[in-house]
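Here the structure comes first, spelled out in structure tokens, and everything after it is commentary.
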Amino acid sequence: MNHLSPYQLTAELLDDLADGARVVTTASEAHRGDRIDLDAVTALDDFSSWRAYQRSKLANVQFAAELGRRLRDHDRDVTSNSFHPGAIPGSGFFRHLPGPLSKAAGGLGKLPFVTTPADGAATAVYLAVADDVADTTGRYFADLREKKPSTEAQDPRAQRELWERSAGLLGIDEPLAADGADAAAEDATGATAAADDAEATAE
């Protein structure tokens with residue numbers, strides 16, 4: 001739901017988006033620390049609502065990045081970015097936490113890392129209207145600033161495979177279909193970026 005619904009909605013609206021339009025996807029810092037197994041997305045064995053939430057948010061970041069790339073490759077004057085709104089009491093976020101943490105979440109509203117609804121919306125509004133990000137696309141933001149997402153979220157091959165599999169799961173034609181040469185170039189770029197990230201981490 002967290003991924004396939006915005007994917008299909010965006011696909012159906014693509015032809016009607018005017019020049020200068022911006023697609024803003026709500027993701028989360030919860031996307032870190034997990035990966036998506038596209039061959040097991042409908043499996044219920046050992047189901048964990050928290051891990052399912054993590055993967056859906058990872059899918060949101062990957063979707064926004066892939067959408068931004070495909071819009072650019074198709075010469076569309078439309079941008080796509082994702083953002084982390086923060087942990088907002090009353091949003092339903094805490095229900096995904098493991099057992100005891102979920103039950104204790106009711107008292108978190110006064111802690112400094114918990115975000116108000118107004119603050120949570122600020123980055124979405126910024127991405128939707130601010131002049132300084134009018135040409136920024138395929139990026140991830142938090143607290144009104146661009147932020148580097150997880151290594152898995154940055155993997156062009158994973159982004160492309162998620163895009164293609166999502167269309168198949170929905171039974172729709174693949175939006176903004178890429179040709180084979182584009183895909184090969186993306187994979188090569190992604191491998192270089194992943195190696196650079198690994199080297200930087202080792203240092």
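Scheme for the structure tokens: letters A, B, ... for chains in order shown; per-chain residue numbers from 1; ligand numbers from 1 in order shown.
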- Residues within 9 Å of A:His31, only C-alpha atoms, excluding chain neighbours under 3 positions, as a PyMOL selection string: chain A and resi 27-28+34-35+53-61+149-150+153
Mind writing the picked residues with N, CA and C atoms as a PDB file, in the first residue's frame?
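The result, written out as out-v9.pdb:
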```
ATOM      1  N   ALA A  27       8.721   9.455   2.495  1.00  0.00           N
ATOM      2  CA  ALA A  27       9.492   8.270   2.855  1.00  0.00           C
ATOM      3  C   ALA A  27       9.735   8.298   4.366  1.00  0.00           C
ATOM      4  N   SER A  28      10.869   7.809   4.810  1.00  0.00           N
ATOM      5  CA  SER A  28      11.176   7.803   6.242  1.00  0.00           C
ATOM      6  C   SER A  28      12.616   7.360   6.454  1.00  0.00           C
ATOM      7  N   ASP A  34      17.587  -2.244   5.889  1.00  0.00           N
ATOM      8  CA  ASP A  34      16.884  -3.393   5.315  1.00  0.00           C
ATOM      9  C   ASP A  34      17.020  -3.352   3.804  1.00  0.00           C
ATOM     10  N   ARG A  35      16.589  -4.401   3.155  1.00  0.00           N
ATOM     11  CA  ARG A  35      16.595  -4.478   1.702  1.00  0.00           C
ATOM     12  C   ARG A  35      15.303  -5.141   1.264  1.00  0.00           C
ATOM     13  N   TYR A  53       7.203  -2.230   7.105  1.00  0.00           N
ATOM     14  CA  TYR A  53       7.188  -0.767   7.029  1.00  0.00           C
ATOM     15  C   TYR A  53       8.532  -0.252   6.522  1.00  0.00           C
ATOM     16  N   GLN A  54       9.627  -0.790   7.065  1.00  0.00           N
ATOM     17  CA  GLN A  54      10.956  -0.382   6.606  1.00  0.00           C
ATOM     18  C   GLN A  54      11.102  -0.562   5.095  1.00  0.00           C
ATOM     19  N   ARG A  55      10.690  -1.715   4.622  1.00  0.00           N
ATOM     20  CA  ARG A  55      10.843  -2.009   3.194  1.00  0.00           C
ATOM     21  C   ARG A  55       9.959  -1.110   2.338  1.00  0.00           C
ATOM     22  N   SER A  56       8.776  -0.798   2.840  1.00  0.00           N
ATOM     23  CA  SER A  56       7.898   0.091   2.067  1.00  0.00           C
ATOM     24  C   SER A  56       8.496   1.486   1.966  1.00  0.00           C
ATOM     25  N   LYS A  57       9.167   1.929   3.026  1.00  0.00           N
ATOM     26  CA  LYS A  57       9.799   3.248   2.997  1.00  0.00           C
ATOM     27  C   LYS A  57      11.059   3.231   2.125  1.00  0.00           C
ATOM     28  N   LEU A  58      11.777   2.110   2.131  1.00  0.00           N
ATOM     29  CA  LEU A  58      12.900   1.961   1.202  1.00  0.00           C
ATOM     30  C   LEU A  58      12.389   2.021  -0.231  1.00  0.00           C
ATOM     31  N   ALA A  59      11.265   1.369  -0.477  1.00  0.00           N
ATOM     32  CA  ALA A  59      10.662   1.410  -1.815  1.00  0.00           C
ATOM     33  C   ALA A  59      10.292   2.834  -2.201  1.00  0.00           C
ATOM     34  N   ASN A  60       9.817   3.634  -1.245  1.00  0.00           N
ATOM     35  CA  ASN A  60       9.474   5.025  -1.537  1.00  0.00           C
ATOM     36  C   ASN A  60      10.696   5.815  -1.993  1.00  0.00           C
ATOM     37  N   VAL A  61      11.832   5.622  -1.306  1.00  0.00           N
ATOM     38  CA  VAL A  61      13.057   6.343  -1.676  1.00  0.00           C
ATOM     39  C   VAL A  61      13.543   5.886  -3.054  1.00  0.00           C
ATOM     40  N   PRO A 149      20.650   8.905   1.427  1.00  0.00           N
ATOM     41  CA  PRO A 149      19.900   7.739   1.897  1.00  0.00           C
ATOM     42  C   PRO A 149      20.816   6.529   2.043  1.00  0.00           C
ATOM     43  N   SER A 150      20.254   5.396   2.405  1.00  0.00           N
ATOM     44  CA  SER A 150      21.049   4.182   2.575  1.00  0.00           C
ATOM     45  C   SER A 150      21.679   3.750   1.251  1.00  0.00           C
ATOM     46  N   ALA A 153      19.237   2.099  -0.968  1.00  0.00           N
ATOM     47  CA  ALA A 153      18.308   3.047  -1.593  1.00  0.00           C
ATOM     48  C   ALA A 153      18.920   3.710  -2.817  1.00  0.00           C
TER      49      ALA A 153
END
```
Can you pull out the residues contacting A:Asp173? Cut-off 10 Å, using only C-alpha atoms, and skip same-chain residues under 4 positions away; I want them as number ranges by chain. A: 11, 164, 167-168, 177
Using only C-alpha atoms, the best pick from A:Arg160, A:His3, A:Arg51, A:Lys147 as closest to A:Gly68 would be A:Arg160
* For each of A:Glu152, A:Asp179, A:Thr116, A:Glu174, take the minimum atom-to-atom distance to A:Gly33, counting only C-alpha atoms, then give the residue where this is smallest. =>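 Of all the options, A:Glu152 lies closest to A:Gly33.
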Identify, on the basis of only C-alpha atoms, every residue whose closest approach to A:Leu67 does not exceed 9 Å; exclude the query and any residue fewer than 2 positions from it along the same chain; express the result as a list in words.
Val23, Gln62, Phe63, Ala64, Ala65, Arg69, Arg70, Leu71, Arg72, Thr79, Ser80, Asn81, Thr137, Gly138, Trp163 and Leu176 of chain A
*Would you work out the distance separating atom CA of A:Val78 from atom CA of A:Val129, expressed in Å to one decimal?*
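Interatomic distance, atom CA of A:Val78 to atom CA of A:Val129: 12.8 Å.
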Neighbours of A:Leu14 within 9 Å (only C-alpha atoms; same-chain residues fewer than 4 positions away dropped), as a tab-separated table (two decimals) with C-alpha atoms, in the first residue's frame?
```tsv
chain	number	residue	atom	x	y	z
A	9	LEU	CA	-1.35	7.17	-8.88
A	10	THR	CA	1.80	8.75	-10.29
A	18	ALA	CA	2.56	20.27	-16.51
A	175	PRO	CA	5.58	3.94	-17.11
A	176	LEU	CA	8.44	5.86	-18.75
```
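Straight-line separation from atom CA of A:Ile172 to atom CA of A:Phe141: 29.4 Å.
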